$ cat structure05.cif   # mmCIF, C-alpha atoms and all ligand atoms
data_my_file
#
loop_
_atom_site.label_atom_id
_atom_site.label_comp_id
_atom_site.auth_asym_id
_atom_site.auth_seq_id
_atom_site.Cartn_x
_atom_site.Cartn_y
_atom_site.Cartn_z
CA MET A 1 107.68 66.65 103.49
CA ALA A 2 106.66 63.45 101.85
CA TYR A 3 103.29 64.62 100.69
CA ARG A 4 102.95 67.49 98.32
CA TYR A 5 99.86 66.43 96.43
CA ASN A 6 96.34 67.15 97.47
CA SER A 7 95.03 64.14 95.65
CA ASP A 8 97.28 61.74 97.55
CA LEU A 9 96.09 59.88 100.53
CA THR A 10 98.45 60.76 103.30
CA ARG A 11 99.51 58.80 106.32
CA ASP A 12 98.48 61.89 108.31
CA ASP A 13 94.94 60.91 107.53
CA VAL A 14 95.25 57.44 108.84
CA THR A 15 97.90 57.14 111.54
CA PRO A 16 98.40 58.74 114.93
CA ARG A 17 100.78 61.65 114.60
CA GLU A 18 103.65 60.15 116.62
CA VAL A 19 103.63 56.95 114.59
CA TYR A 20 103.76 59.02 111.45
CA LEU A 21 106.71 61.05 112.71
CA ASN A 22 108.60 57.91 113.71
CA ARG A 23 108.06 56.51 110.27
CA ARG A 24 109.36 59.66 108.65
CA GLN A 25 112.52 59.63 110.76
CA ILE A 26 113.22 56.03 109.95
CA MET A 27 112.58 56.49 106.30
CA MET A 28 114.93 59.44 106.07
CA GLY A 29 117.80 56.96 106.49
CA SER A 30 119.05 56.43 102.98
CA GLY A 31 117.59 53.33 101.50
CA ALA A 32 116.83 51.91 104.91
CA MET A 33 114.74 48.80 104.85
CA LEU A 34 112.08 49.39 107.39
CA GLY A 35 111.20 46.96 110.10
CA ALA A 36 107.79 45.46 109.95
CA GLY A 37 105.13 46.33 112.43
CA LEU A 38 105.37 50.10 112.41
CA ILE A 39 101.94 50.33 110.95
CA GLY A 40 99.41 48.85 113.29
CA GLY A 41 96.70 46.71 111.81
CA ALA A 42 94.13 49.01 113.33
CA ALA A 43 95.63 52.05 111.65
CA HIS A 44 95.60 50.16 108.41
CA ALA A 45 92.00 49.17 108.85
CA GLN A 46 91.13 52.80 109.42
CA ALA A 47 93.10 53.93 106.42
CA VAL A 48 90.17 55.63 104.83
CA ALA A 49 90.25 59.08 103.42
CA GLN A 50 88.70 61.38 100.93
CA THR A 51 90.82 62.06 97.87
CA GLY A 52 90.81 63.89 94.56
CA GLY A 53 87.56 62.41 93.42
CA ALA A 54 84.47 61.89 95.47
CA TRP A 55 85.43 58.34 96.41
CA ASP A 56 86.47 56.96 99.73
CA LEU A 57 89.68 55.00 99.46
CA THR A 58 90.92 52.24 101.68
CA LEU A 59 94.50 51.02 101.64
CA ASN A 60 94.74 47.52 100.28
CA SER A 61 96.20 44.99 102.68
CA LEU A 62 99.71 43.60 102.16
CA GLU A 63 98.01 40.25 101.59
CA GLU A 64 95.95 41.66 98.74
CA ILE A 65 98.87 43.56 97.24
CA THR A 66 101.10 40.46 97.25
CA THR A 67 98.67 37.77 96.10
CA TYR A 68 96.92 39.40 93.12
CA ASN A 69 99.65 40.41 90.70
CA ASN A 70 100.67 40.84 87.12
CA PHE A 71 104.26 39.77 86.55
CA TYR A 72 104.18 37.73 83.36
CA GLU A 73 107.80 36.61 83.77
CA PHE A 74 106.35 34.26 86.41
CA GLY A 75 103.19 33.31 84.55
CA THR A 76 99.95 34.94 83.50
CA GLY A 77 97.79 33.82 86.42
CA LYS A 78 97.11 36.41 89.08
CA ASP A 79 98.52 34.06 91.72
CA ASP A 80 101.52 32.87 89.68
CA PRO A 81 103.85 35.66 90.86
CA ALA A 82 103.09 34.93 94.53
CA ARG A 83 103.81 31.27 93.86
CA TYR A 84 106.93 31.49 91.70
CA ALA A 85 108.65 34.84 92.23
CA ARG A 86 110.40 33.66 95.39
CA ALA A 87 112.93 32.08 93.01
CA LEU A 88 114.09 35.51 91.86
CA THR A 89 117.56 36.36 93.19
CA THR A 90 117.34 39.99 94.25
CA ALA A 91 120.71 40.40 95.97
CA PRO A 92 123.16 41.24 94.63
CA TRP A 93 121.30 43.44 92.13
CA GLU A 94 122.76 45.74 89.52
CA ILE A 95 121.25 48.34 87.24
CA VAL A 96 122.94 49.53 84.07
CA ILE A 97 122.34 53.22 83.50
CA ASP A 98 123.41 54.21 80.02
CA GLY A 99 122.69 56.27 76.95
CA MET A 100 122.64 60.06 77.16
CA VAL A 101 123.94 60.47 80.72
CA ASP A 102 127.07 62.07 82.13
CA ASN A 103 127.83 59.13 84.41
CA PRO A 104 126.90 55.89 82.67
CA GLY A 105 127.74 52.66 84.40
CA THR A 106 126.68 49.59 86.27
CA TYR A 107 125.37 50.56 89.67
CA SER A 108 124.76 48.19 92.55
CA PHE A 109 121.44 48.48 94.37
CA ASP A 110 123.30 50.03 97.32
CA GLN A 111 124.97 52.60 95.08
CA ILE A 112 121.59 53.50 93.61
CA MET A 113 120.17 54.00 97.12
CA GLU A 114 123.04 56.18 98.27
CA GLY A 115 121.75 59.60 99.14
CA MET A 116 118.18 58.82 98.08
CA THR A 117 115.39 59.82 100.42
CA VAL A 118 112.92 56.99 100.79
CA GLU A 119 109.42 58.28 101.36
CA GLU A 120 106.03 56.69 101.63
CA ARG A 121 103.73 57.43 98.69
CA ILE A 122 100.17 56.21 98.82
CA TYR A 123 99.00 55.87 95.23
CA ARG A 124 96.13 54.33 93.36
CA LEU A 125 97.24 51.59 90.95
CA ARG A 126 94.83 51.15 88.03
CA CYS A 127 95.42 48.15 85.77
CA VAL A 128 94.28 48.37 82.16
CA GLU A 129 92.29 45.18 82.88
CA ARG A 130 89.95 47.30 85.08
CA TRP A 131 90.99 46.31 88.58
CA SER A 132 92.64 48.72 90.99
CA MET A 133 94.30 48.94 94.39
CA VAL A 134 95.61 51.58 96.74
CA VAL A 135 99.22 50.86 97.66
CA PRO A 136 101.52 52.48 100.24
CA TRP A 137 104.80 52.39 98.34
CA ASN A 138 108.20 53.25 99.76
CA GLY A 139 110.47 54.81 97.24
CA PHE A 140 112.26 57.87 95.92
CA GLU A 141 111.70 60.21 93.03
CA LEU A 142 113.14 58.95 89.76
CA ALA A 143 114.17 62.56 89.09
CA ASP A 144 116.60 62.41 92.02
CA LEU A 145 118.42 59.46 90.46
CA LEU A 146 118.37 60.95 86.95
CA ASN A 147 119.74 64.23 88.25
CA ARG A 148 122.50 62.37 90.03
CA VAL A 149 123.66 60.51 86.93
CA GLY A 150 123.27 63.67 84.86
CA VAL A 151 120.86 63.75 81.93
CA GLN A 152 122.56 65.09 78.82
CA GLU A 153 121.24 67.78 76.55
CA GLY A 154 119.04 66.29 73.87
CA ALA A 155 117.78 63.29 75.86
CA GLN A 156 113.99 63.09 75.50
CA TYR A 157 112.98 59.66 76.75
CA VAL A 158 113.84 57.14 79.43
CA ALA A 159 113.74 53.43 78.60
CA PHE A 160 113.54 50.65 81.19
CA GLU A 161 114.14 46.90 81.07
CA THR A 162 113.26 44.09 83.46
CA ALA A 163 115.65 41.28 84.34
CA MET A 164 115.48 38.31 82.00
CA ARG A 165 116.43 35.11 83.84
CA PRO A 166 114.95 31.99 82.23
CA GLU A 167 116.22 29.79 85.03
CA GLU A 168 114.33 31.85 87.63
CA MET A 169 111.36 33.06 85.58
CA PRO A 170 109.17 30.24 84.22
CA GLY A 171 106.98 32.70 82.31
CA LEU A 172 109.82 33.55 79.92
CA ALA A 173 109.19 30.20 78.25
CA TYR A 174 106.02 31.68 76.79
CA PRO A 175 106.56 34.26 74.03
CA ILE A 176 103.57 36.43 74.98
CA ILE A 177 105.84 39.41 75.43
CA ASP A 178 108.91 39.97 73.28
CA TRP A 179 111.15 39.61 76.34
CA PRO A 180 112.67 41.36 78.15
CA TYR A 181 109.71 43.39 79.42
CA ARG A 182 110.37 46.99 78.40
CA GLU A 183 108.83 50.30 79.25
CA GLY A 184 109.47 53.96 78.58
CA LEU A 185 108.54 57.47 79.56
CA ARG A 186 108.99 60.87 78.04
CA LEU A 187 111.72 62.68 79.97
CA ASP A 188 109.29 65.19 81.51
CA GLU A 189 107.08 62.33 82.69
CA ALA A 190 110.12 60.61 84.17
CA MET A 191 111.15 63.83 85.92
CA HIS A 192 107.68 64.47 87.34
CA PRO A 193 107.72 64.34 91.15
CA LEU A 194 104.89 61.78 91.23
CA THR A 195 107.09 59.29 89.37
CA ILE A 196 108.99 57.09 91.78
CA LEU A 197 111.26 54.10 91.90
CA ALA A 198 109.75 51.97 94.63
CA THR A 199 111.79 49.69 96.88
CA GLY A 200 109.17 48.67 99.42
CA ILE A 201 105.54 48.37 100.40
CA TYR A 202 104.20 48.94 103.92
CA GLY A 203 107.72 49.66 105.08
CA GLU A 204 109.00 46.23 104.09
CA ALA A 205 111.45 45.47 101.31
CA MET A 206 109.68 45.11 97.98
CA PRO A 207 108.12 41.64 97.76
CA ASN A 208 109.48 39.69 94.78
CA GLN A 209 106.06 39.41 93.17
CA ASN A 210 105.73 43.20 93.21
CA GLY A 211 109.02 43.78 91.41
CA ALA A 212 111.89 43.40 93.85
CA PRO A 213 114.22 44.95 94.52
CA ILE A 214 113.25 48.07 92.61
CA ARG A 215 110.41 48.95 90.24
CA LEU A 216 108.87 51.98 88.63
CA VAL A 217 105.57 53.48 89.81
CA VAL A 218 103.82 56.02 87.58
CA PRO A 219 100.44 56.47 89.26
CA TRP A 220 98.57 58.33 86.50
CA LYS A 221 99.26 55.63 83.89
CA TYR A 222 97.88 52.13 83.49
CA GLY A 223 99.70 49.66 85.70
CA TYR A 224 101.71 48.05 82.91
CA LYS A 225 103.83 51.20 82.62
CA SER A 226 105.10 50.54 86.16
CA ILE A 227 107.81 48.09 85.15
CA LYS A 228 109.17 45.66 87.74
CA SER A 229 112.61 44.37 88.74
CA ILE A 230 114.52 46.91 86.66
CA VAL A 231 118.03 46.10 85.42
CA ARG A 232 118.53 48.81 82.83
CA ILE A 233 117.67 52.51 82.50
CA THR A 234 118.61 54.19 79.23
CA LEU A 235 118.36 57.90 78.34
CA THR A 236 117.64 58.34 74.67
CA ASP A 237 116.40 60.79 72.05
CA GLU A 238 114.07 58.23 70.45
CA GLN A 239 110.74 57.03 71.76
CA PRO A 240 111.57 53.59 73.14
CA ARG A 241 109.84 50.38 72.17
CA THR A 242 107.61 49.12 74.98
CA ALA A 243 106.40 45.61 75.75
CA TRP A 244 102.66 46.05 75.48
CA ASN A 245 102.78 48.53 72.62
CA THR A 246 104.84 45.98 70.69
CA TYR A 247 102.30 43.29 71.58
CA SER A 248 99.37 45.34 70.25
CA THR A 249 99.93 48.91 69.08
CA GLN A 250 96.22 49.65 68.72
CA GLU A 251 95.33 48.46 72.18
CA TYR A 252 98.27 49.72 74.20
CA GLY A 253 99.71 53.12 73.39
CA PHE A 254 103.05 54.53 74.45
CA TYR A 255 101.43 57.04 76.81
CA SER A 256 98.85 54.77 78.45
CA ASN A 257 97.49 57.52 80.65
CA VAL A 258 94.46 56.36 82.62
CA ASN A 259 91.52 57.79 80.70
CA PRO A 260 87.93 56.80 81.48
CA ASN A 261 86.80 58.46 78.24
CA ARG A 262 88.90 56.36 75.91
CA ASP A 263 87.77 52.78 75.76
CA HIS A 264 90.13 49.91 75.19
CA PRO A 265 89.12 48.40 71.81
CA ARG A 266 87.69 45.41 73.67
CA TRP A 267 86.22 47.00 76.82
CA SER A 268 85.13 50.24 78.45
CA GLN A 269 87.58 51.99 80.75
CA ALA A 270 84.93 54.06 82.51
CA GLU A 271 84.87 51.95 85.65
CA GLU A 272 87.10 49.75 87.74
CA ARG A 273 86.85 47.09 90.42
CA ARG A 274 88.73 47.87 93.62
CA ILE A 275 90.43 44.69 94.84
CA GLY A 276 89.28 43.70 98.30
CA GLY A 277 86.82 46.50 98.15
CA GLY A 278 84.32 45.08 100.58
CA LEU A 279 81.42 47.47 100.35
CA PHE A 280 83.08 49.05 97.33
CA ALA A 281 83.68 45.76 95.52
CA SER A 282 81.16 46.90 92.98
CA ARG A 283 82.51 49.04 90.20
CA ILE A 284 83.64 52.58 90.92
CA PRO A 285 84.23 55.29 88.34
CA THR A 286 87.73 55.54 86.92
CA LEU A 287 89.20 59.01 87.36
CA MET A 288 90.93 60.98 84.61
CA PHE A 289 94.68 60.44 84.96
CA ASN A 290 93.72 58.06 87.77
CA GLY A 291 92.90 61.02 90.02
CA TYR A 292 96.16 62.91 89.40
CA GLU A 293 94.78 65.28 86.78
CA ASP A 294 95.67 68.45 88.69
CA GLU A 295 99.30 67.35 88.87
CA VAL A 296 99.88 65.96 85.38
CA ALA A 297 97.33 67.28 82.87
CA SER A 298 99.69 70.11 81.89
CA LEU A 299 102.19 67.55 80.59
CA TYR A 300 99.74 66.78 77.79
CA ALA A 301 98.42 70.25 77.01
CA GLY A 302 97.41 70.47 73.36
CA MET A 303 97.70 66.73 72.77
CA ASP A 304 94.76 64.69 71.52
CA LEU A 305 94.51 62.10 74.30
CA ASN A 306 92.59 59.73 72.06
CA GLU A 307 95.21 59.79 69.35
CA PHE A 308 98.16 59.79 71.76
CA HIS A 309 96.80 57.14 74.08
N1 LIG A 401 108.41 43.23 84.31
C1 LIG A 401 107.08 43.34 84.44
N2 LIG A 401 106.57 44.47 84.98
C2 LIG A 401 105.23 44.60 85.13
C3 LIG A 401 104.35 43.60 84.67
C4 LIG A 401 104.92 42.42 84.09
O1 LIG A 401 104.23 41.48 83.68
N3 LIG A 401 106.28 42.33 84.01
N4 LIG A 401 102.98 43.78 84.78
C5 LIG A 401 102.52 45.15 84.83
C6 LIG A 401 101.10 45.27 85.10
S1 LIG A 401 100.05 44.86 83.84
C7 LIG A 401 100.62 45.78 86.27
S2 LIG A 401 98.96 46.07 86.49
C8 LIG A 401 101.53 46.04 87.42
C9 LIG A 401 101.07 45.25 88.63
O2 LIG A 401 101.83 45.57 89.76
P1 LIG A 401 101.57 44.81 91.11
O3 LIG A 401 101.58 43.34 90.82
O4 LIG A 401 102.67 45.24 92.03
O5 LIG A 401 100.21 45.25 91.61
O6 LIG A 401 102.87 45.67 87.15
C10 LIG A 401 103.32 45.99 85.83
N5 LIG A 401 104.74 45.73 85.71
MO MO A 402 98.05 45.75 84.36
#
$ encode --input "structure05.cif" --output "structure tokens" --more "lines below"
Ligand SMILES: Nc1nc2c(c(=O)[nH]1)N[C@H]1C(S)=C(S)[C@@H](COP(=O)(O)O)O[C@H]1N2
Ligand SMILES: [Mo]
Amino acid sequence: MAYRYNSDLTRDDVTPREVYLNRRQIMMGSGAMLGAGLIGGAAHAQAVAQTGGAWDLTLNSLEEITTYNNFYEFGTGKDDPARYARALTTAPWEIVIDGMVDNPGTYSFDQIMEGMTVEERIYRLRCVERWSMVVPWNGFELADLLNRVGVQEGAQYVAFETAMRPEEMPGLAYPIIDWPYREGLRLDEAMHPLTILATGIYGEAMPNQNGAPIRLVVPWKYGYKSIKSIVRITLTDEQPRTAWNTYSTQEYGFYSNVNPNRDHPRWSQAEERRIGGGLFASRIPTLMFNGYEDEVASLYAGMDLNEFH
């Protein structure tokens, strides 16, 4: 089944059973792009459930998810990605998978999707800037892809890179980030079943501004770890350099686990503002590991989460 985590919202909570089952059948098709309209607006509006913490969660609307973005390749304004990312050519798309793997190579998007089971995962997304959303992603477990290409003995980290296309990405003209945008995970984090490569939202192909055609989603980490529009995945035995850690090592650690007890040097991380929150637009408490503590805390047993932030 798609949902193995108590702290996830599930579509069972929010959609009539038969709609849910239809969705599952459709999504079992490998890499199928889902037609729009499967999720009724009413079901979406009722998408309220109790999760891990004590807080009611409401799915953010597609409108909210696609108009308030961080994708600095298209500019630093929250509405820049919605305005400019349409210029991104997403087909054909290729991803280089290299480093310590048995089957390195350049894979087309379709080859990547072959044999992958696309599921819906409803996750909180918590930006380090203190805003958050709840997003119904469509995607597959990164572990399934890594297992297919064969991770070699000794590999300890996975590095990711975003496409770098100056002619399509106006934000690259500004050297805020040492482009290309890079991210990385420890191998056990990458293999964790909560970690997905997402290819859609609300059953539609990934909107460009959200990282089309394929982006990482690591729900227990600050949003900047969830790198968009990936063109390279490298298995390595060295902790990879990451975009925001390079920008400011003190402010943005390699781990970047959501932690309400460790303040950013310039602001508290204890609370967050849920986008489109209506009644909940006021600040709500940030949850340890963004509400996924039961699932992931063991990955960091014995580590000082203030030192390794
Ligand atoms: N390549 C790339 N990936 C990126 C970013 C970026 O600027 N460039 N921004 C990150 C940040 S800070 C956040 S909060 C999330 C936002 O994802 P969303 O726009 O889909 O909500 O994407 C992350 N992935
Ligand atoms: Mo972010």
$ closest_residue --input "structure05.cif" --among "A:Gly184, A:Arg165, A:Asp98, A:Ala198" --to "Glu120 of chain A" --atoms "all atoms listed in the file"
A:Ala198
$ residues_around --input "structure05.cif" --residues "Trp220 of chain A" --least-positions-apart "6" --cutoff "9 Å" --atoms "all atoms listed in the file" --output "list in words"
Arg124, Leu125, Arg126, Leu194, Ser256, Asn257, Val258, Met288, Phe289, Asn290, Gly291, Tyr292, Glu293 and Val296 of chain A
$ residues_near_ligand --input "structure05.cif" --ligand "ligand LIG 401 (chain A)" --cutoff "9 Å" --atoms "all atoms listed in the file" --output "VMD selection string"
chain A and resid 65 to 76 78 81 125 to 129 131 to 133 135 161 to 164 177 180 to 183 207 209 to 211 215 to 217 222 to 230 243 to 244
$ atom_distance --input "structure05.cif" --atom1 "atom CA of Ile176 of chain A" --atom2 "atom CA of Phe254 of chain A"
18.1 Å
$ atom_distance --input "structure05.cif" --atom1 "atom CA of Pro136 of chain A" --atom2 "atom CA of Met113 of chain A"
19.0 Å
$ decode --input "structure05.cif" --residues "segment 78-108 of chain A" --atoms "N, CA and C atoms" --output "compact mmCIF listing (two decimals), in the first residue's frame"
# COMPACT_ATOMS: atom_id res chain seq x y z
N LYS A 78 9.01 35.03 -4.74
CA LYS A 78 8.17 33.85 -4.58
C LYS A 78 7.30 33.59 -5.82
N ASP A 79 7.03 34.63 -6.58
CA ASP A 79 6.21 34.43 -7.79
C ASP A 79 7.05 34.35 -9.08
N ASP A 80 8.37 34.49 -8.95
CA ASP A 80 9.22 34.38 -10.15
C ASP A 80 9.14 33.00 -10.82
N PRO A 81 9.20 31.91 -10.05
CA PRO A 81 9.13 30.59 -10.71
C PRO A 81 7.84 30.41 -11.51
N ALA A 82 6.70 30.83 -10.93
CA ALA A 82 5.44 30.69 -11.66
C ALA A 82 5.47 31.50 -12.95
N ARG A 83 6.18 32.62 -12.91
CA ARG A 83 6.21 33.50 -14.08
C ARG A 83 7.19 33.01 -15.14
N TYR A 84 8.35 32.51 -14.73
CA TYR A 84 9.43 32.26 -15.69
C TYR A 84 9.72 30.78 -15.98
N ALA A 85 9.27 29.89 -15.11
CA ALA A 85 9.71 28.50 -15.27
C ALA A 85 9.07 27.80 -16.46
N ARG A 86 8.05 28.42 -17.05
CA ARG A 86 7.45 27.80 -18.24
C ARG A 86 8.48 27.66 -19.36
N ALA A 87 9.55 28.46 -19.31
CA ALA A 87 10.58 28.40 -20.36
C ALA A 87 11.45 27.14 -20.25
N LEU A 88 11.34 26.44 -19.15
CA LEU A 88 12.19 25.26 -18.96
C LEU A 88 11.72 24.11 -19.87
N THR A 89 12.65 23.62 -20.70
CA THR A 89 12.35 22.46 -21.54
C THR A 89 12.47 21.20 -20.71
N THR A 90 11.38 20.49 -20.54
CA THR A 90 11.40 19.32 -19.65
C THR A 90 11.32 17.99 -20.40
N ALA A 91 11.14 18.05 -21.71
CA ALA A 91 11.15 16.84 -22.52
C ALA A 91 11.85 17.15 -23.83
N PRO A 92 12.85 16.37 -24.26
CA PRO A 92 13.37 15.22 -23.52
C PRO A 92 14.13 15.66 -22.26
N TRP A 93 14.27 14.70 -21.33
CA TRP A 93 15.01 14.97 -20.10
C TRP A 93 15.91 13.78 -19.82
N GLU A 94 17.12 14.06 -19.43
CA GLU A 94 18.06 12.97 -19.12
C GLU A 94 18.68 13.19 -17.74
N ILE A 95 18.95 12.10 -17.08
CA ILE A 95 19.65 12.16 -15.79
C ILE A 95 20.89 11.28 -15.88
N VAL A 96 22.03 11.86 -15.55
CA VAL A 96 23.26 11.09 -15.45
C VAL A 96 23.30 10.46 -14.06
N ILE A 97 23.48 9.16 -14.01
CA ILE A 97 23.68 8.49 -12.73
C ILE A 97 25.08 7.91 -12.76
N ASP A 98 25.93 8.38 -11.85
CA ASP A 98 27.33 7.98 -11.94
C ASP A 98 27.95 7.81 -10.55
N GLY A 99 29.26 7.65 -10.54
CA GLY A 99 29.94 7.40 -9.28
C GLY A 99 29.90 5.91 -8.94
N MET A 100 29.69 5.61 -7.66
CA MET A 100 29.85 4.25 -7.17
C MET A 100 28.57 3.41 -7.37
N VAL A 101 28.26 3.20 -8.66
CA VAL A 101 27.10 2.38 -9.02
C VAL A 101 27.51 1.32 -10.03
N ASP A 102 26.77 0.21 -10.01
CA ASP A 102 27.07 -0.88 -10.94
C ASP A 102 26.71 -0.52 -12.38
N ASN A 103 25.65 0.27 -12.54
CA ASN A 103 25.17 0.60 -13.88
C ASN A 103 25.12 2.11 -14.12
N PRO A 104 26.30 2.72 -14.21
CA PRO A 104 26.31 4.17 -14.46
C PRO A 104 25.81 4.42 -15.88
N GLY A 105 25.35 5.64 -16.11
CA GLY A 105 24.93 5.98 -17.47
C GLY A 105 24.05 7.19 -17.51
N THR A 106 23.64 7.50 -18.74
CA THR A 106 22.71 8.60 -18.96
C THR A 106 21.35 7.98 -19.23
N TYR A 107 20.42 8.24 -18.36
CA TYR A 107 19.10 7.63 -18.44
C TYR A 107 18.07 8.67 -18.88
N SER A 108 17.24 8.30 -19.84
CA SER A 108 16.13 9.19 -20.19
C SER A 108 15.09 9.15 -19.07
